[in-house]
Every structure is written in structure tokens, then in C-alpha cells.
Amino acid sequence: MRVKLTIEYAGTRYSGWQIQKNAKTIQGEIDRAVRTVTGRQDFELYGSGRTDAGVHAAGQVAHLDVSTNLPVESLRRRLNDELPADINILGVEQVRHRFHARHDAVGRRYLYQIARRRTAFAKAFVWWVKEPIDVERMRAAAGAFVGMKDFKSFADRDEASDSLEPLRGTTVPSNSAGGGVPGAIGKSRAPRASIKGTRSTVVLVDRLDIVEDGALVLVAIEGSHFLWKMVRRVVGVLVEIGRGALEPDAAVRLLRDESAEPAKLTAPPSGLFLERVYYEGDRREARVHAIMPVG
């Protein structure tokens, strides 16, 4: 049986999604829960893409191939009983055997939460920027990132994208270690690779919205896929523009000319959420709202 899992998690205590040796990860915790609930060792668990250490998800998607007689709702409840409180499976849906959480995804949406004030309750889910930030300056720059662009200055040189990096699907033998700036949503795809053995840094960004919500400034970005740390570096550059340390036209320059500057401005992982993964036929979310509101 192949099922689609929709998962929310607070990433603060974890070393990202993907299973790693000697590290606590989201995929590793779900892997452990599946073994306990089903009694199976021979199953496959793949995520739609990885999230980095400290990054959260409101709608991560994974597929699970496992032999079990449990009805899908019973499987969801029993997995949640085994999972820690900061990981929750929102839904389990039986899907066709060829469905693939990563390969079938047609888009992803991330949300970044910037706090304008100190917060006692939401500290783990925001980036508190102490200096005043001018949202209109950020919006003036945001349009530069929309469309098919080369994000080489915003990518980590040693890593691939959230959707392209092969995730360790768990086929486990028993002895294994365990407002906004809208962009047109089109059918074009970003190039996946330029030269054999290399990864393309070209990404189709469909839209980038910047919205004020209480004491938060929200940056929502939607696109075909995202390079590792790309969203956090885009946010870091936008905040630097909002602070007045960079001019709005710096966004164009940093996309045009290869630069180490965005890496130095990488926003912390605490404010970042994988909000939604889109598949063929899914309705695209237009409204931007806080996941962890701060009034």
C-alpha cells in the first residue's frame, strides 16, 4: 500500500528532515514510528524535499510504501501516538502506486516570519529584527526575484535544491542503521541540470509576496523548487534592503553578478516554514497569513 502523508512539524530540535547518522531528524522519527506501528522493516519513506536544521513545516508531504492491514485513519492515529509532540501527521491518503512525493510535486511554497518585536512565545518561529524595516523598500526589490532567474549567488556551492537532492527513502533491511509581488504561474519548468554531474541554479519563482500581519512581516515565496538556503538568503537580502543598508536595486545586481554577499546575509532558520507542496490539480493558495501570529 502506498499512502501520501501530510505532515507538520516544529524543526527546532531536529537536524532537518533527512535521516542522518547520529542525529535526530524528522524522517528518522517517522521511520521509527512506522516500524513500531506496522512491525515492518521493509518499507519506503520519501519526502517531497528536505528542510534544513531548525526549519519548520506546515505542509510537508511524504509517501510511504508499507504492507499493512490498518485503515488509513487508524494508521494516522497510531503513528501520531508514537511520534513526539512536535511532529504531527495531519493526513494519510491512499494514492496510486506510481505517486512520488518528490517527483510528482509541481511547486512549493515557503513562508518566512520576521518579527518587529521581542516575543516570549513565538521566539522559535520568527526572526526578530530589532532595527526598523521599511516594507515598501522590500516590496520595491521583491519583483526582481520573480520569474526564471539564476540564483547562483543565493545557493550553497556544495549542495543541491530541496527538490533535486536525492532523499534517503527508507527501504530498510533489519540490520540497517536507522501586499505582494505576483508573478505569472506558468507551465514552464526550471532547468534541472546544465552539465552532467552539476546542478542548475536556475529557478522559476512564480510569486513573492510581502505582507504585514500584526507585529510580523511575512515573506511568502512560491516556485518550482528551491536551492538549499536560497529562501533564507533572499529574505536576508530583503531585510537588509528594508533596514536601508542596501538599495532596492541591489536585488538585480546580486542576481546578475555572482557574489558572496547573500551568503553573509542568510536569515536564521527559525522563521522559515515549508508551507505547502503542490501537485497537479491542486489549488494555489493566494492569501498570506501567519502560521505563528504575533500581535
# chains A, B, ... in the order shown; residues from 1 in each chain; ligands from 1
>>> closest_atom_pairs(of="stretch 13-60 of chain A", to="stretch 259-272 of chain A", cutoff="12 Å", atoms="only C-alpha atoms", output="Markdown table")
| residue | atom | partner | partner_atom | distance |
| --- | --- | --- | --- | --- |
| A:Arg13 | CA | A:Ser270 | CA | 10.9 |
| A:Tyr14 | CA | A:Pro269 | CA | 11.6 |
| A:Ser15 | CA | A:Pro269 | CA | 11.3 |
| A:Gly16 | CA | A:Pro269 | CA | 10.3 |
| A:Thr51 | CA | A:Leu272 | CA | 9.5 |
| A:Asp52 | CA | A:Pro269 | CA | 7.6 |
| A:Ala53 | CA | A:Pro269 | CA | 7.2 |
| A:Gly54 | CA | A:Pro269 | CA | 5.4 |
| A:Val55 | CA | A:Pro269 | CA | 5.1 |
| A:His56 | CA | A:Leu272 | CA | 6.2 |
| A:Ala57 | CA | A:Leu272 | CA | 8.1 |
| A:Ala58 | CA | A:Leu272 | CA | 10.2 |
>>> select_by_dssp(residues="stretch 77-158 of chain A", states="helix (DSSP H, G or I)", output="list in words")
Arg77, Arg78, Leu79, Asn80, Asp81, Glu82, Lys123, Ala124, Phe125, Val135, Glu136, Arg137, Met138, Arg139, Ala140, Ala141, Ala142, Gly143, Ala144, Phe145, Lys152, Ser153 and Phe154 of chain A
>>> closest_residue(among="A:Ile291, A:His225, A:Arg276, A:Val217", to="A:Glu136", atoms="only C-alpha atoms")
A:Val217
>>> atom_distance(atom1="atom CA of A:Arg108", atom2="atom CA of A:Tyr9")
16.5 Å
>>> closest_residue(among="A:Val288, A:Val146, A:Ala220, A:Val277", to="A:Tyr112", atoms="only C-alpha atoms")
A:Ala220
>>> select_by_dssp(residues="stretch 19-93 of chain A", states="strand (DSSP E)", output="mmCIF file with N, CA, C and O atoms, in the first residue's frame")
data_model
loop_
_atom_site.group_PDB
_atom_site.id
_atom_site.type_symbol
_atom_site.label_atom_id
_atom_site.label_comp_id
_atom_site.auth_asym_id
_atom_site.auth_seq_id
_atom_site.Cartn_x
_atom_site.Cartn_y
_atom_site.Cartn_z
ATOM 1 N N GLU A 44 9.300 1.967 2.416
ATOM 2 C CA GLU A 44 9.975 3.101 1.790
ATOM 3 C C GLU A 44 9.281 4.387 2.231
ATOM 4 O O GLU A 44 8.057 4.484 2.177
ATOM 5 N N LEU A 45 10.071 5.344 2.653
ATOM 6 C CA LEU A 45 9.564 6.649 3.086
ATOM 7 C C LEU A 45 10.345 7.730 2.367
ATOM 8 O O LEU A 45 11.552 7.851 2.551
ATOM 9 N N TYR A 46 9.664 8.506 1.522
ATOM 10 C CA TYR A 46 10.308 9.589 0.765
ATOM 11 C C TYR A 46 9.580 10.901 1.037
ATOM 12 O O TYR A 46 8.342 10.946 0.993
ATOM 13 N N GLY A 47 10.342 11.956 1.253
ATOM 14 C CA GLY A 47 9.765 13.279 1.409
ATOM 15 C C GLY A 47 9.763 14.049 0.107
ATOM 16 O O GLY A 47 10.499 13.728 -0.830
ATOM 17 N N HIS A 56 10.907 24.650 9.886
ATOM 18 C CA HIS A 56 9.629 24.042 10.230
ATOM 19 C C HIS A 56 8.836 23.682 8.969
ATOM 20 O O HIS A 56 9.207 24.071 7.861
ATOM 21 N N ALA A 57 7.733 22.984 9.156
ATOM 22 C CA ALA A 57 6.826 22.688 8.045
ATOM 23 C C ALA A 57 5.387 22.731 8.526
ATOM 24 O O ALA A 57 5.069 22.213 9.596
ATOM 25 N N ALA A 58 4.538 23.349 7.714
ATOM 26 C CA ALA A 58 3.092 23.312 7.956
ATOM 27 C C ALA A 58 2.418 22.330 7.017
ATOM 28 O O ALA A 58 1.266 21.962 7.234
ATOM 29 N N GLY A 59 3.150 21.904 5.968
ATOM 30 C CA GLY A 59 2.542 21.002 4.994
ATOM 31 C C GLY A 59 3.563 20.209 4.206
ATOM 32 O O GLY A 59 3.480 20.152 2.979
ATOM 33 N N GLN A 60 4.533 19.613 4.892
ATOM 34 C CA GLN A 60 5.452 18.702 4.217
ATOM 35 C C GLN A 60 4.656 17.489 3.720
ATOM 36 O O GLN A 60 3.650 17.097 4.327
ATOM 37 N N VAL A 61 5.101 16.912 2.619
ATOM 38 C CA VAL A 61 4.440 15.728 2.067
ATOM 39 C C VAL A 61 5.469 14.621 1.914
ATOM 40 O O VAL A 61 6.617 14.865 1.527
ATOM 41 N N ALA A 62 5.081 13.407 2.233
ATOM 42 C CA ALA A 62 5.918 12.236 2.014
ATOM 43 C C ALA A 62 5.038 11.106 1.507
ATOM 44 O O ALA A 62 3.826 11.106 1.720
ATOM 45 N N HIS A 63 5.643 10.154 0.803
ATOM 46 C CA HIS A 63 4.896 8.941 0.505
ATOM 47 C C HIS A 63 5.515 7.789 1.267
ATOM 48 O O HIS A 63 6.721 7.755 1.514
ATOM 49 N N LEU A 64 4.655 6.883 1.660
ATOM 50 C CA LEU A 64 5.055 5.716 2.441
ATOM 51 C C LEU A 64 4.537 4.469 1.747
ATOM 52 O O LEU A 64 3.339 4.335 1.505
ATOM 53 N N ASP A 65 5.449 3.593 1.402
ATOM 54 C CA ASP A 65 5.107 2.275 0.868
ATOM 55 C C ASP A 65 5.289 1.251 1.980
ATOM 56 O O ASP A 65 6.425 1.033 2.421
ATOM 57 N N ILE A 87 5.968 16.731 16.119
ATOM 58 C CA ILE A 87 5.742 16.189 14.775
ATOM 59 C C ILE A 87 4.328 15.634 14.744
ATOM 60 O O ILE A 87 3.936 14.851 15.611
ATOM 61 N N ASN A 88 3.544 16.043 13.756
ATOM 62 C CA ASN A 88 2.143 15.621 13.689
ATOM 63 C C ASN A 88 1.774 15.302 12.248
ATOM 64 O O ASN A 88 2.017 16.109 11.342
ATOM 65 N N ILE A 89 1.205 14.129 12.038
ATOM 66 C CA ILE A 89 0.719 13.760 10.713
ATOM 67 C C ILE A 89 -0.717 14.257 10.579
ATOM 68 O O ILE A 89 -1.615 13.790 11.284
ATOM 69 N N LEU A 90 -0.905 15.202 9.684
ATOM 70 C CA LEU A 90 -2.216 15.821 9.513
ATOM 71 C C LEU A 90 -3.169 14.937 8.721
ATOM 72 O O LEU A 90 -4.377 14.940 8.965
ATOM 73 N N GLY A 91 -2.623 14.220 7.740
ATOM 74 C CA GLY A 91 -3.481 13.401 6.896
ATOM 75 C C GLY A 91 -2.739 12.224 6.304
ATOM 76 O O GLY A 91 -1.535 12.305 6.050
ATOM 77 N N VAL A 92 -3.467 11.127 6.104
ATOM 78 C CA VAL A 92 -2.954 9.948 5.404
ATOM 79 C C VAL A 92 -3.976 9.598 4.334
ATOM 80 O O VAL A 92 -5.162 9.426 4.630
ATOM 81 N N GLU A 93 -3.511 9.497 3.096
ATOM 82 C CA GLU A 93 -4.405 9.264 1.963
ATOM 83 C C GLU A 93 -3.803 8.187 1.072
ATOM 84 O O GLU A 93 -2.634 8.286 0.678
#
>>> atom_distance(atom1="atom CA of A:Pro84", atom2="atom CA of A:Pro71")
21.9 Å
>>> closest_residue(among="A:Thr25, A:Ser200, A:Gln94, A:Gln41", to="A:Leu70", atoms="only C-alpha atoms")
A:Gln94
>>> atom_distance(atom1="atom CA of A:Val126", atom2="atom CA of A:Met230")
17.4 Å
>>> closest_residue(among="A:Ile221, A:Val129, A:Val205, A:Ala115", to="A:Pro293", atoms="only C-alpha atoms")
A:Ala115
>>> decode(residues="stretch 24-158 of chain A", atoms="C-alpha atoms", output="PDB file, in the first residue's frame")
ATOM      1  CA  LYS A  24      17.719  13.350  15.358  1.00  0.00           C
ATOM      2  CA  THR A  25      15.687  14.126  12.216  1.00  0.00           C
ATOM      3  CA  ILE A  26      12.037  14.316  11.203  1.00  0.00           C
ATOM      4  CA  GLN A  27      12.294  11.467   8.709  1.00  0.00           C
ATOM      5  CA  GLY A  28      14.115   9.382  11.299  1.00  0.00           C
ATOM      6  CA  GLU A  29      11.334   9.851  13.875  1.00  0.00           C
ATOM      7  CA  ILE A  30       8.626   8.914  11.362  1.00  0.00           C
ATOM      8  CA  ASP A  31      10.713   5.933  10.255  1.00  0.00           C
ATOM      9  CA  ARG A  32      10.868   4.733  13.865  1.00  0.00           C
ATOM     10  CA  ALA A  33       7.105   5.217  14.315  1.00  0.00           C
ATOM     11  CA  VAL A  34       6.309   3.247  11.141  1.00  0.00           C
ATOM     12  CA  ARG A  35       8.431   0.323  12.348  1.00  0.00           C
ATOM     13  CA  THR A  36       6.689   0.305  15.719  1.00  0.00           C
ATOM     14  CA  VAL A  37       3.145   0.611  14.389  1.00  0.00           C
ATOM     15  CA  THR A  38       3.360  -1.782  11.420  1.00  0.00           C
ATOM     16  CA  GLY A  39       6.018  -4.180  12.695  1.00  0.00           C
ATOM     17  CA  ARG A  40       7.643  -3.906   9.272  1.00  0.00           C
ATOM     18  CA  GLN A  41      11.289  -3.233   8.426  1.00  0.00           C
ATOM     19  CA  ASP A  42      10.849  -3.342   4.621  1.00  0.00           C
ATOM     20  CA  PHE A  43       9.164  -0.071   3.717  1.00  0.00           C
ATOM     21  CA  GLU A  44       9.975   3.101   1.790  1.00  0.00           C
ATOM     22  CA  LEU A  45       9.564   6.649   3.086  1.00  0.00           C
ATOM     23  CA  TYR A  46      10.308   9.589   0.765  1.00  0.00           C
ATOM     24  CA  GLY A  47       9.765  13.279   1.409  1.00  0.00           C
ATOM     25  CA  SER A  48       8.860  15.923  -1.167  1.00  0.00           C
ATOM     26  CA  GLY A  49      12.100  17.703  -0.306  1.00  0.00           C
ATOM     27  CA  ARG A  50      14.373  18.256   2.607  1.00  0.00           C
ATOM     28  CA  THR A  51      14.216  21.019   5.157  1.00  0.00           C
ATOM     29  CA  ASP A  52      17.332  22.189   6.939  1.00  0.00           C
ATOM     30  CA  ALA A  53      18.078  22.034  10.659  1.00  0.00           C
ATOM     31  CA  GLY A  54      15.734  24.302  12.598  1.00  0.00           C
ATOM     32  CA  VAL A  55      13.311  24.835   9.698  1.00  0.00           C
ATOM     33  CA  HIS A  56       9.629  24.042  10.230  1.00  0.00           C
ATOM     34  CA  ALA A  57       6.826  22.688   8.045  1.00  0.00           C
ATOM     35  CA  ALA A  58       3.092  23.312   7.956  1.00  0.00           C
ATOM     36  CA  GLY A  59       2.542  21.002   4.994  1.00  0.00           C
ATOM     37  CA  GLN A  60       5.452  18.702   4.217  1.00  0.00           C
ATOM     38  CA  VAL A  61       4.440  15.728   2.067  1.00  0.00           C
ATOM     39  CA  ALA A  62       5.918  12.236   2.014  1.00  0.00           C
ATOM     40  CA  HIS A  63       4.896   8.941   0.505  1.00  0.00           C
ATOM     41  CA  LEU A  64       5.055   5.716   2.441  1.00  0.00           C
ATOM     42  CA  ASP A  65       5.107   2.275   0.868  1.00  0.00           C
ATOM     43  CA  VAL A  66       4.319  -0.296   3.526  1.00  0.00           C
ATOM     44  CA  SER A  67       2.473  -3.580   3.834  1.00  0.00           C
ATOM     45  CA  THR A  68      -0.239  -3.173   6.484  1.00  0.00           C
ATOM     46  CA  ASN A  69      -3.882  -4.049   7.034  1.00  0.00           C
ATOM     47  CA  LEU A  70      -4.524  -0.877   9.040  1.00  0.00           C
ATOM     48  CA  PRO A  71      -7.124   1.542   7.600  1.00  0.00           C
ATOM     49  CA  VAL A  72      -5.531   4.870   6.691  1.00  0.00           C
ATOM     50  CA  GLU A  73      -7.134   6.809   9.549  1.00  0.00           C
ATOM     51  CA  SER A  74      -6.065   4.194  12.090  1.00  0.00           C
ATOM     52  CA  LEU A  75      -2.550   4.356  10.632  1.00  0.00           C
ATOM     53  CA  ARG A  76      -2.518   8.147  11.070  1.00  0.00           C
ATOM     54  CA  ARG A  77      -3.702   7.997  14.675  1.00  0.00           C
ATOM     55  CA  ARG A  78      -1.314   5.244  15.664  1.00  0.00           C
ATOM     56  CA  LEU A  79       1.681   6.924  14.026  1.00  0.00           C
ATOM     57  CA  ASN A  80       0.862  10.142  15.883  1.00  0.00           C
ATOM     58  CA  ASP A  81       0.683   8.194  19.147  1.00  0.00           C
ATOM     59  CA  GLU A  82       4.297   7.121  18.561  1.00  0.00           C
ATOM     60  CA  LEU A  83       5.622  10.488  17.367  1.00  0.00           C
ATOM     61  CA  PRO A  84       6.946  13.269  19.606  1.00  0.00           C
ATOM     62  CA  ALA A  85       4.606  16.195  20.201  1.00  0.00           C
ATOM     63  CA  ASP A  86       6.442  18.479  17.754  1.00  0.00           C
ATOM     64  CA  ILE A  87       5.742  16.189  14.775  1.00  0.00           C
ATOM     65  CA  ASN A  88       2.143  15.621  13.689  1.00  0.00           C
ATOM     66  CA  ILE A  89       0.719  13.760  10.713  1.00  0.00           C
ATOM     67  CA  LEU A  90      -2.216  15.821   9.513  1.00  0.00           C
ATOM     68  CA  GLY A  91      -3.481  13.401   6.896  1.00  0.00           C
ATOM     69  CA  VAL A  92      -2.954   9.948   5.404  1.00  0.00           C
ATOM     70  CA  GLU A  93      -4.405   9.264   1.963  1.00  0.00           C
ATOM     71  CA  GLN A  94      -4.078   6.133  -0.143  1.00  0.00           C
ATOM     72  CA  VAL A  95      -2.651   7.006  -3.559  1.00  0.00           C
ATOM     73  CA  ARG A  96      -1.762   5.245  -6.800  1.00  0.00           C
ATOM     74  CA  HIS A  97       1.353   3.114  -6.608  1.00  0.00           C
ATOM     75  CA  ARG A  98       3.255   5.395  -9.005  1.00  0.00           C
ATOM     76  CA  PHE A  99       2.687   8.545  -6.939  1.00  0.00           C
ATOM     77  CA  HIS A 100       6.010  10.020  -5.807  1.00  0.00           C
ATOM     78  CA  ALA A 101       6.104  12.790  -3.212  1.00  0.00           C
ATOM     79  CA  ARG A 102       9.192  14.403  -4.740  1.00  0.00           C
ATOM     80  CA  HIS A 103       8.998  13.641  -8.467  1.00  0.00           C
ATOM     81  CA  ASP A 104       5.288  14.491  -8.800  1.00  0.00           C
ATOM     82  CA  ALA A 105       5.496  17.836  -6.972  1.00  0.00           C
ATOM     83  CA  VAL A 106       4.940  20.785  -9.338  1.00  0.00           C
ATOM     84  CA  GLY A 107       5.547  23.598  -6.860  1.00  0.00           C
ATOM     85  CA  ARG A 108       6.464  24.539  -3.326  1.00  0.00           C
ATOM     86  CA  ARG A 109       5.555  27.464  -1.129  1.00  0.00           C
ATOM     87  CA  TYR A 110       7.672  28.742   1.755  1.00  0.00           C
ATOM     88  CA  LEU A 111       6.730  31.306   4.372  1.00  0.00           C
ATOM     89  CA  TYR A 112       9.239  33.338   6.381  1.00  0.00           C
ATOM     90  CA  GLN A 113       8.127  35.164   9.554  1.00  0.00           C
ATOM     91  CA  ILE A 114      10.006  38.307  10.601  1.00  0.00           C
ATOM     92  CA  ALA A 115       9.086  39.776  13.998  1.00  0.00           C
ATOM     93  CA  ARG A 116       9.262  43.516  14.664  1.00  0.00           C
ATOM     94  CA  ARG A 117       9.182  42.996  18.411  1.00  0.00           C
ATOM     95  CA  ARG A 118      10.558  40.625  21.005  1.00  0.00           C
ATOM     96  CA  THR A 119       8.202  37.741  21.646  1.00  0.00           C
ATOM     97  CA  ALA A 120       8.170  35.349  24.576  1.00  0.00           C
ATOM     98  CA  PHE A 121       6.026  32.689  22.900  1.00  0.00           C
ATOM     99  CA  ALA A 122       6.998  32.684  19.211  1.00  0.00           C
ATOM    100  CA  LYS A 123      10.772  33.073  19.506  1.00  0.00           C
ATOM    101  CA  ALA A 124      11.445  29.674  17.892  1.00  0.00           C
ATOM    102  CA  PHE A 125       9.239  30.537  14.891  1.00  0.00           C
ATOM    103  CA  VAL A 126      10.399  34.030  13.905  1.00  0.00           C
ATOM    104  CA  TRP A 127      13.452  36.132  13.196  1.00  0.00           C
ATOM    105  CA  TRP A 128      13.325  39.154  15.468  1.00  0.00           C
ATOM    106  CA  VAL A 129      14.806  42.101  13.578  1.00  0.00           C
ATOM    107  CA  LYS A 130      15.469  44.817  16.133  1.00  0.00           C
ATOM    108  CA  GLU A 131      16.040  47.682  13.683  1.00  0.00           C
ATOM    109  CA  PRO A 132      13.093  49.330  11.894  1.00  0.00           C
ATOM    110  CA  ILE A 133      12.446  47.814   8.467  1.00  0.00           C
ATOM    111  CA  ASP A 134      10.739  49.614   5.594  1.00  0.00           C
ATOM    112  CA  VAL A 135       8.333  47.165   3.953  1.00  0.00           C
ATOM    113  CA  GLU A 136       7.850  49.374   0.891  1.00  0.00           C
ATOM    114  CA  ARG A 137      11.587  49.227   0.153  1.00  0.00           C
ATOM    115  CA  MET A 138      11.414  45.431   0.447  1.00  0.00           C
ATOM    116  CA  ARG A 139       8.461  45.283  -1.943  1.00  0.00           C
ATOM    117  CA  ALA A 140      10.269  47.503  -4.436  1.00  0.00           C
ATOM    118  CA  ALA A 141      13.094  44.940  -4.518  1.00  0.00           C
ATOM    119  CA  ALA A 142      10.972  41.781  -4.412  1.00  0.00           C
ATOM    120  CA  GLY A 143       9.890  41.877  -8.056  1.00  0.00           C
ATOM    121  CA  ALA A 144      13.478  41.250  -9.161  1.00  0.00           C
ATOM    122  CA  PHE A 145      13.259  37.688  -7.825  1.00  0.00           C
ATOM    123  CA  VAL A 146      10.074  36.726  -9.714  1.00  0.00           C
ATOM    124  CA  GLY A 147      10.394  34.763 -12.939  1.00  0.00           C
ATOM    125  CA  MET A 148      13.005  32.394 -14.307  1.00  0.00           C
ATOM    126  CA  LYS A 149      16.218  33.620 -12.679  1.00  0.00           C
ATOM    127  CA  ASP A 150      19.713  32.322 -11.973  1.00  0.00           C
ATOM    128  CA  PHE A 151      20.144  32.199  -8.191  1.00  0.00           C
ATOM    129  CA  LYS A 152      23.809  31.176  -8.214  1.00  0.00           C
ATOM    130  CA  SER A 153      24.666  33.873  -5.643  1.00  0.00           C
ATOM    131  CA  PHE A 154      21.880  32.611  -3.377  1.00  0.00           C
ATOM    132  CA  ALA A 155      22.789  28.903  -3.481  1.00  0.00           C
ATOM    133  CA  ASP A 156      25.172  26.999  -1.282  1.00  0.00           C
ATOM    134  CA  ARG A 157      28.032  25.890  -3.520  1.00  0.00           C
ATOM    135  CA  ASP A 158      28.173  22.379  -2.058  1.00  0.00           C
TER     136      ASP A 158
END
